[in-house]
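S.K.: Below: one structure in structure tokens.
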Amino acid sequence: MIIALDGPAASGKGTLARRLAAHYGVPHLDTGLLYRGVAAALIASGHALDDEMAGVAAAAALDLSALDRDRLSTHAIGEAASRVAVLPAVRNALLDAQRRFASQPGGAVIDGRDIGTFVCPQADVKFFVTANLEERARRRTREIRSRGQHAVIDDVRLDLERRDARDAERADAPMKMADDAHLLDTTDLDIETAFKRAVDIVDRFRDR
Ligand code: C5P
């Protein structure tokens, strides 16, 4: 069983994906970490974020099992990742690893922006997780502050808006809800309720 989750930044899809993976006992891949890993490697080696050749090399050298979530999950790396993610050759260099992960025998939970539409169009259950911009900005601001860093909600809102536009408007595998995805709007849902709704949908598929 492959469960695919897509949606914009700070929508809750990552938390939901982790909870679903734990619940069904299957491995989880946060594909945002791959783009973040490439961006971090480019920054560390002093390359520009639009250096496609260096991006492809960084993507090829990426070790999926060694991606440091804590180090990569800063807001700034997320921004850089979305700039790297517009490069078709970089996306292509990350594709095989994602598909291999998704098709392992026991199944997988995989989340990102283009999973249900492009990476795993054959996924058994697809979710598009979203929330309105204001709520996402509130969540992201809280998250940044919880790391002891300074954040101004107006700046965070602007960043998210820009990032959504970049992710949704890029030519190659843009963020988009798949036709057969279940929409989960978490604006007014706590994580527990969103999780229960998702489990109901997955269980309905499993009982078929
Ligand atoms: O989900 P996360 O915020 O970690 O993703 C960082 C960036 O990586 C996104 O803004 C997006 O540009 C890119 N990304 C993507 N395709 C994916 C996952 C992430 O383009 N499947």
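Letters A, B, ... mark the chains of the structure tokens in the order given; residue numbers begin at 1 per chain; ligand numbers begin at 1, in order shown.
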Neighbours of ligand 1 within 8 Å, counting only C-alpha atoms and all ligand atoms, as a ChimeraX atom specification?

M.R.: /A:6,8-10,14,30-36,73,77-86,91,111-115,119,163-164,166-167,173-175

S.K.: I'd like the neighbourhood of stretch 132-143 of chain A as a PyMOL selection string, where a residue qualifies if any of its atoms comes within 12 Å (using only C-alpha atoms), though same-chain residues fewer than 5 positions away should be ignored.

M.R.: chain A and resi 7-13+73-76+78+148-165+184-190

S.K.: When you draw a straight line from atom CA of A:Ala58 to atom CA of A:Leu42, how long is it in Å?

M.R.: 7.2 Å

S.K.: Please measure the separation of atom CA of A:Asp179 and atom CA of A:Ile201, giving the value in Å to one decimal.

M.R.: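 Separating atom CA of A:Asp179 from atom CA of A:Ile201 is a distance of 15.9 Å.
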
S.K.: Any idea what the distance is between atom CA of A:Phe127 and atom CA of A:Pro105?

M.R.: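 Atom CA of A:Phe127 sits 21.2 Å away from atom CA of A:Pro105.
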
S.K.: Measuring between only C-alpha atoms, which one of A:Ala89, A:Leu5, A:Ala66, A:Ala102 shows the shortest distance to A:Lys176?

M.R.: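 Comparing A:Ala89, A:Leu5, A:Ala66, A:Ala102 against A:Lys176, the winner is A:Leu5.
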
S.K.: Report the residues of stretch 41-181 of chain A whose backbone DSSP state falls under alpha helix (DSSP H), written as a VMD selection string.

M.R.: chain A and resid 41 to 44 52 to 61 69 to 72 75 to 84 88 to 102 133 to 146 153 to 169

S.K.: Write out as an MDAnalysis selection string the set of residues from stretch 59-195 of chain A that DSSP, computed on the backbone, places in strand (DSSP E or B).

M.R.: chainID A and resid 108:112 125:130 182:185
